[in-house]
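Peer 1: As input, take run.txt (compact mmCIF, C-alpha atoms):
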```txt
# COMPACT_ATOMS: atom_id res chain seq x y z
CA MET A 199 -37.85 74.34 4.71
CA VAL A 200 -35.56 71.97 6.60
CA ASN A 201 -35.08 73.15 10.19
CA VAL A 202 -31.44 72.17 10.58
CA TYR A 203 -31.07 73.28 14.19
CA GLU A 204 -34.22 71.45 15.27
CA ASN A 205 -32.94 68.30 13.54
CA PHE A 206 -29.60 68.72 15.31
CA GLU A 207 -31.21 69.09 18.73
CA TYR A 208 -33.34 66.01 18.14
CA THR A 209 -30.28 63.91 17.30
CA ILE A 210 -28.00 65.29 20.03
CA GLU A 211 -30.70 64.44 22.55
CA LYS A 212 -30.38 60.78 21.51
CA ALA A 213 -26.71 60.93 22.51
CA ARG A 214 -27.66 62.38 25.89
CA CYS A 215 -30.24 59.63 26.39
CA LEU A 216 -27.47 57.04 26.09
CA LEU A 217 -25.55 58.78 28.87
CA ASP A 218 -28.77 58.84 30.92
CA LEU A 219 -28.93 55.07 30.47
CA LEU A 220 -25.45 54.89 32.01
CA VAL A 221 -26.82 56.66 35.10
CA LEU A 222 -29.78 54.29 35.20
CA LYS A 223 -27.42 51.33 34.82
CA LYS A 224 -25.43 52.60 37.82
CA PHE A 225 -28.69 52.93 39.77
CA ARG A 226 -29.60 49.36 38.83
CA ASP A 227 -26.20 48.01 39.81
CA GLU A 228 -25.92 49.88 43.11
CA ILE A 229 -29.50 50.13 44.35
CA VAL A 230 -31.59 47.48 42.70
CA ASN A 231 -28.91 44.82 43.10
CA GLY A 232 -28.02 46.14 46.56
CA ALA A 233 -24.32 46.22 45.74
CA ASP A 234 -23.68 49.32 47.83
CA GLU A 235 -25.70 49.49 51.03
CA ASN A 236 -24.28 52.91 51.88
CA PHE A 237 -25.85 54.22 48.68
CA VAL A 238 -29.12 52.51 49.66
CA ASP A 239 -28.95 54.35 52.97
CA GLU A 240 -28.65 57.64 51.08
CA VAL A 241 -31.78 56.75 49.12
CA ARG A 242 -33.62 55.97 52.34
CA GLU A 243 -32.65 59.36 53.75
CA GLY A 244 -33.67 61.11 50.55
CA LEU A 245 -37.07 59.44 50.60
CA LYS A 246 -37.61 60.35 54.25
CA ASN A 247 -36.67 63.98 53.60
CA ASN A 248 -38.92 64.29 50.57
CA PHE A 249 -41.94 62.41 51.90
CA PRO A 250 -42.94 63.73 55.36
CA LEU A 251 -45.45 60.89 55.73
CA LEU A 252 -42.54 58.54 56.21
CA GLN A 253 -41.35 60.56 59.21
CA GLY A 254 -44.68 60.37 61.01
CA PRO A 255 -46.14 57.82 63.44
CA PRO A 256 -46.37 54.11 62.58
CA ILE A 257 -48.49 53.38 59.52
CA ILE A 258 -51.32 50.97 60.28
CA LEU A 259 -53.23 49.37 57.42
CA PRO A 260 -55.59 46.39 57.56
CA GLY A 261 -53.39 43.41 58.22
CA LEU A 262 -50.25 45.55 58.12
CA ASN A 263 -48.67 47.38 61.06
CA ILE A 264 -45.45 49.07 59.96
CA GLN A 265 -43.60 50.42 62.98
CA SER A 266 -40.70 52.17 61.23
CA PRO A 267 -40.39 54.49 58.22
CA THR A 268 -37.31 52.50 57.23
CA VAL A 269 -39.47 49.40 56.91
CA VAL A 270 -41.76 51.27 54.50
CA ILE A 271 -38.80 52.34 52.37
CA ASP A 272 -37.28 48.86 52.39
CA PHE A 273 -40.68 47.49 51.37
CA ILE A 274 -40.73 49.91 48.39
CA ILE A 275 -37.14 48.99 47.43
CA ASN A 276 -37.90 45.27 47.63
CA ILE A 277 -41.03 45.60 45.48
CA PHE A 278 -38.93 47.59 42.98
CA ARG A 279 -36.30 44.85 42.92
CA LYS A 280 -38.88 42.11 42.34
CA THR A 281 -41.11 43.80 39.76
CA ILE A 282 -39.20 46.50 37.89
CA LYS A 283 -35.67 45.06 38.01
CA PRO A 284 -36.38 42.26 35.50
CA GLN A 285 -37.69 44.83 33.02
CA ILE A 286 -34.72 47.15 33.53
CA ASP A 287 -32.32 44.24 33.13
CA LYS A 288 -33.70 43.48 29.67
CA HIS A 289 -32.63 46.91 28.45
CA LEU A 290 -29.53 47.58 30.52
CA ASP A 291 -27.54 44.38 30.15
CA ILE A 292 -25.40 46.03 27.52
CA ASN A 293 -21.90 46.93 28.57
CA THR A 294 -20.97 50.51 29.38
CA GLN A 295 -18.75 50.66 26.32
CA THR A 296 -21.77 50.48 24.00
CA PHE A 297 -23.52 53.44 25.63
CA GLN A 298 -20.53 55.77 25.67
CA GLN A 299 -19.20 54.94 22.23
CA GLN A 300 -22.59 55.16 20.56
CA ALA A 301 -23.21 58.49 22.30
CA VAL A 302 -20.03 59.78 20.62
CA VAL A 303 -21.07 58.41 17.21
CA ILE A 304 -24.55 59.94 17.43
CA ALA A 305 -23.26 63.33 18.65
CA VAL A 306 -20.74 63.60 15.82
CA THR A 307 -23.39 62.48 13.32
CA ALA A 308 -25.62 65.32 14.57
CA LEU A 309 -22.75 67.77 14.05
CA GLU A 310 -21.98 66.50 10.54
CA SER A 311 -25.62 66.64 9.49
CA TYR A 312 -25.99 70.19 10.75
CA LEU A 313 -22.81 71.37 9.00
CA ARG A 314 -23.91 69.80 5.71
CA ASP A 315 -27.50 71.06 5.81
CA ARG A 316 -26.62 74.57 6.91
CA TYR A 317 -23.98 74.85 4.18
CA ILE A 318 -26.43 73.77 1.48
CA ILE A 319 -29.19 76.06 2.74
CA GLU A 320 -26.81 79.03 2.64
CA LYS A 321 -25.37 78.01 -0.70
CA TYR A 322 -28.77 77.67 -2.36
CA LYS A 323 -30.69 80.21 -0.32
CA ASN A 324 -32.16 81.83 -3.42
CA LYS A 325 -33.58 78.52 -4.59
CA SER A 326 -36.97 77.02 -3.70
CA ASN A 327 -37.43 74.88 -0.60
CA GLU A 328 -37.93 71.83 -2.81
CA GLU A 329 -34.65 72.50 -4.61
CA ILE A 330 -32.77 72.94 -1.31
CA GLU A 331 -34.16 69.70 0.10
CA LYS A 332 -33.22 67.92 -3.13
CA ARG A 333 -29.65 69.27 -2.88
CA ILE A 334 -29.39 68.05 0.73
CA LEU A 335 -30.43 64.54 -0.31
CA GLU A 336 -27.97 64.56 -3.22
CA PHE A 337 -24.99 65.84 -1.18
CA LYS A 338 -22.67 62.84 -0.97
CA LYS A 339 -19.57 64.30 0.68
CA VAL A 340 -19.18 63.39 4.34
CA CYS A 341 -18.45 66.32 6.68
CA GLN A 342 -15.94 64.43 8.82
CA SER A 343 -12.68 66.02 7.71
CA PRO A 344 -11.79 69.20 9.64
CA GLU A 345 -10.04 70.51 6.52
CA PHE A 346 -13.12 69.91 4.37
CA ILE A 347 -15.43 71.53 6.94
CA THR A 348 -13.12 74.56 7.13
CA LYS A 349 -13.05 74.85 3.33
CA MET A 350 -16.86 74.66 3.07
CA TYR A 351 -17.44 77.43 5.57
CA LYS A 352 -14.67 79.61 4.17
CA GLU A 353 -16.87 79.80 1.10
CA LEU A 354 -19.60 81.21 3.34
CA GLY A 355 -17.38 83.86 4.90
CA ILE A 356 -16.03 82.15 8.04
CA GLU A 357 -12.27 81.80 7.99
CA ASP A 358 -11.90 79.12 10.69
CA VAL A 359 -15.36 77.81 11.52
CA LEU A 360 -14.30 75.05 13.96
CA ASN A 361 -12.71 77.68 16.18
CA LEU A 362 -15.95 79.64 16.48
CA THR A 363 -16.24 78.86 20.20
CA GLY A 364 -12.50 78.49 20.86
CA ASN A 365 -12.81 74.71 21.14
CA LYS A 366 -11.41 73.70 17.76
CA GLU A 367 -8.96 71.09 19.10
CA ASN A 368 -11.61 69.45 21.27
CA ILE A 369 -14.12 69.29 18.42
CA ILE A 370 -11.49 67.75 16.14
CA LYS A 371 -10.68 65.21 18.86
CA ILE A 372 -14.26 64.00 19.14
CA ILE A 373 -14.58 63.79 15.34
CA GLN A 374 -11.45 61.64 15.21
CA ILE A 375 -12.60 59.47 18.12
CA ARG A 376 -15.80 58.81 16.21
CA HIS A 377 -13.69 57.66 13.26
CA ILE A 378 -11.72 55.30 15.53
CA ILE A 379 -14.94 53.81 16.95
CA VAL A 380 -16.61 53.29 13.57
CA HIS A 381 -13.64 52.23 11.46
CA ARG A 382 -11.17 50.66 13.92
CA GLY A 383 -13.47 49.08 16.48
CA GLY A 384 -12.31 51.64 19.04
CA GLU A 385 -8.63 50.68 18.87
CA ILE A 386 -6.39 53.69 19.62
CA ASN A 387 -3.81 54.40 16.91
CA VAL A 388 -0.78 56.69 16.61
CA GLN A 389 -2.74 59.59 15.13
CA LEU A 390 -5.27 59.56 17.97
CA CYS A 391 -2.51 59.40 20.59
CA ASP A 392 -1.04 62.55 19.05
CA LYS A 393 -4.42 64.34 18.95
CA LEU A 394 -5.35 63.38 22.51
CA GLY A 395 -1.86 64.16 23.78
CA ILE A 396 -1.47 60.75 25.41
CA PRO A 397 1.77 58.66 25.44
CA LYS A 398 1.94 56.05 22.67
CA ARG A 399 3.83 53.57 24.85
CA GLU A 400 0.92 53.53 27.32
CA TRP A 401 -2.10 53.87 25.02
CA LEU A 402 -1.29 52.50 21.56
CA GLY A 403 -3.49 49.49 20.76
CA LYS A 404 -5.79 49.97 23.74
CA ASN A 405 -9.51 50.50 23.28
CA ILE A 406 -10.95 53.99 23.43
CA GLN A 407 -13.10 52.72 26.31
CA ASP A 408 -9.96 52.70 28.47
CA PHE A 409 -9.61 56.41 27.72
CA PHE A 410 -13.26 57.13 28.59
CA GLU A 411 -12.92 55.27 31.89
CA ASN A 412 -9.81 57.27 32.66
CA ASP A 413 -11.71 60.51 32.01
CA VAL A 414 -15.34 59.85 32.97
CA ASP A 415 -16.56 63.33 31.98
CA PHE A 416 -15.01 63.32 28.50
CA VAL A 417 -18.06 62.15 26.53
CA ASN A 418 -20.52 64.45 28.30
CA GLU A 419 -18.20 67.45 27.95
CA SER A 420 -17.69 66.66 24.26
CA ILE A 421 -21.44 66.58 23.64
CA ASN A 422 -21.79 69.93 25.41
CA ARG A 423 -18.99 71.43 23.28
CA ILE A 424 -20.65 70.22 20.09
CA GLU A 425 -23.99 71.67 21.16
CA ASN A 426 -22.48 75.03 22.15
CA PHE A 427 -20.58 75.18 18.85
CA VAL A 428 -23.71 74.49 16.79
CA LYS A 429 -25.75 77.01 18.82
CA GLN A 430 -23.14 79.69 18.08
CA LEU A 431 -22.91 78.77 14.41
CA ASP A 432 -26.68 78.80 14.10
CA LYS A 433 -26.73 82.40 15.37
CA THR A 434 -23.90 83.46 13.05
CA LYS A 435 -24.87 85.31 9.89
CA LEU A 436 -23.15 83.77 6.89
CA SER A 437 -22.38 85.69 3.72
CA GLY A 438 -23.33 82.94 1.29
CA ARG A 439 -20.62 84.11 -1.11
CA VAL A 440 -20.63 80.79 -2.98
CA VAL A 441 -21.33 81.14 -6.68
CA VAL A 442 -23.93 78.54 -7.60
CA LYS A 443 -23.77 77.26 -11.14
```
Could you render the structure from this file as structure tokens?
Peer 2:
Amino acid sequence: MVNVYENFEYTIEKARCLLDLLVLKKFRDEIVNGADENFVDEVREGLKNNFPLLQGPPIILPGLNIQSPTVVIDFIINIFRKTIKPQIDKHLDINTQTFQQQAVVIAVTALESYLRDRYIIEKYKNKSNEEIEKRILEFKKVCQSPEFITKMYKELGIEDVLNLTGNKENIIKIIQIRHIIVHRGGEINVQLCDKLGIPKREWLGKNIQDFFENDVDFVNESINRIENFVKQLDKTKLSGRVVVK
């Protein structure tokens, strides 16, 4: 039998990995490139606090007499910059926009797949596993319309499924943002302005990346809302009232 929640978790984790790459990119830009020496100082302090050896007496190795823990740490940082930085650069020289927008697309895809698969499993729960899996593969309707999603789950006994965790508006927002990214290249339109509650005069025609940069926690919070919603739905007993012909 298809494990719809396990599949969802696997896909949502991909979205989180993209946000982790953003953190690593910031580390590369600030530490590896030495753009912010104050931040480098914080790293030095963190290393000293976590590695007592670096707080001890001078380290003497054959041909190497290091008189200061700071020298040891700087030596580590410089080796990192020379050896690991080129490898990191190969994978991180993609702009921030790609990471955030693709995280949204993947998270919403995980949600849509879960909603579709769970609906079919409930609808055909008296059928064989092979029949259910066949129905999932044959299901062509895309679960991107809030109205369609609501209608599907009404058939299973939930009146307003997207409001299951009280975050209906936020879930609808992220679904619509995904649509803007995929079908409009991220360009904000009138409908999205209305849904996000942002002034058209200021935002119309701008890229959704401008919105993300104005609200740096939006993508991460949206992924968390999607995950919490799916967790709750997965625990909810559905009636399966659909009559299967």
Peer 1: CA of Ile356 (chain A) and CA of Ile304 (chain A), how far apart in Å?
Peer 2: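 Taking CA of Ile304 (chain A) as the start and CA of Ile356 (chain A) as the end point, the length is 25.6 Å.
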Peer 1: Report as lines of an AutoDock Vina configuration file the centre and the edge lengths, in Å to one decimal, of the axis-aligned box holding every listed atom of region 205-211 of chain A, padded by 3 Å on each side.
Peer 2:
```
center_x = -30.7
center_y = 66.5
center_z = 18.0
size_x = 11.3
size_y = 11.2
size_z = 15.0
```
Peer 1: So which residues touch Asn422 (chain A) within 12 Å, counting all atoms listed in the file, skipping near sequence neighbours fewer than 3 positions away, as a ChimeraX atom specification?
Peer 2: /A:207,210-211,213-214,301-302,305-306,309,363,365,368-369,372,415-419,425-429
Peer 1: Can you spit out the residues from that selection as a PDB file, in the coordinates of the input, using C-alpha atoms?
Peer 2:
```pdb
ATOM      1  CA  GLU A 207     -31.210  69.090  18.730  1.00  0.00           C
ATOM      2  CA  ILE A 210     -28.000  65.290  20.030  1.00  0.00           C
ATOM      3  CA  GLU A 211     -30.700  64.440  22.550  1.00  0.00           C
ATOM      4  CA  ALA A 213     -26.710  60.930  22.510  1.00  0.00           C
ATOM      5  CA  ARG A 214     -27.660  62.380  25.890  1.00  0.00           C
ATOM      6  CA  ALA A 301     -23.210  58.490  22.300  1.00  0.00           C
ATOM      7  CA  VAL A 302     -20.030  59.780  20.620  1.00  0.00           C
ATOM      8  CA  ALA A 305     -23.260  63.330  18.650  1.00  0.00           C
ATOM      9  CA  VAL A 306     -20.740  63.600  15.820  1.00  0.00           C
ATOM     10  CA  LEU A 309     -22.750  67.770  14.050  1.00  0.00           C
ATOM     11  CA  THR A 363     -16.240  78.860  20.200  1.00  0.00           C
ATOM     12  CA  ASN A 365     -12.810  74.710  21.140  1.00  0.00           C
ATOM     13  CA  ASN A 368     -11.610  69.450  21.270  1.00  0.00           C
ATOM     14  CA  ILE A 369     -14.120  69.290  18.420  1.00  0.00           C
ATOM     15  CA  ILE A 372     -14.260  64.000  19.140  1.00  0.00           C
ATOM     16  CA  ASP A 415     -16.560  63.330  31.980  1.00  0.00           C
ATOM     17  CA  PHE A 416     -15.010  63.320  28.500  1.00  0.00           C
ATOM     18  CA  VAL A 417     -18.060  62.150  26.530  1.00  0.00           C
ATOM     19  CA  ASN A 418     -20.520  64.450  28.300  1.00  0.00           C
ATOM     20  CA  GLU A 419     -18.200  67.450  27.950  1.00  0.00           C
ATOM     21  CA  GLU A 425     -23.990  71.670  21.160  1.00  0.00           C
ATOM     22  CA  ASN A 426     -22.480  75.030  22.150  1.00  0.00           C
ATOM     23  CA  PHE A 427     -20.580  75.180  18.850  1.00  0.00           C
ATOM     24  CA  VAL A 428     -23.710  74.490  16.790  1.00  0.00           C
ATOM     25  CA  LYS A 429     -25.750  77.010  18.820  1.00  0.00           C
TER      26      LYS A 429
END
```
Peer 1: Would you please work out which residue, of A:Tyr203, A:Gly355, A:Gln300, A:Ile347, is nearest to Leu220 (chain A) when using all atoms listed in the file?
Peer 2: A:Gln300
Peer 1: Quote the spacing between CA of Asn412 (chain A) and CA of Thr296 (chain A) in Å to one decimal place.
Peer 2: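 A separation of 16.3 Å between them.
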Peer 1: Have a look at A:Leu360, A:Ile334, A:Ala308, A:Ile375 and name the one nearest to Glu204 (chain A); count all atoms listed in the file.
Peer 2: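 Selected residue with least distance to Glu204 (chain A): A:Ala308.
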Peer 1: Using Å and a single decimal, report how far CA of Lys321 (chain A) sits from CA of Lys433 (chain A).
Peer 2: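 So the two atoms, CA of Lys433 (chain A) and CA of Lys321 (chain A), lie 16.7 Å apart.
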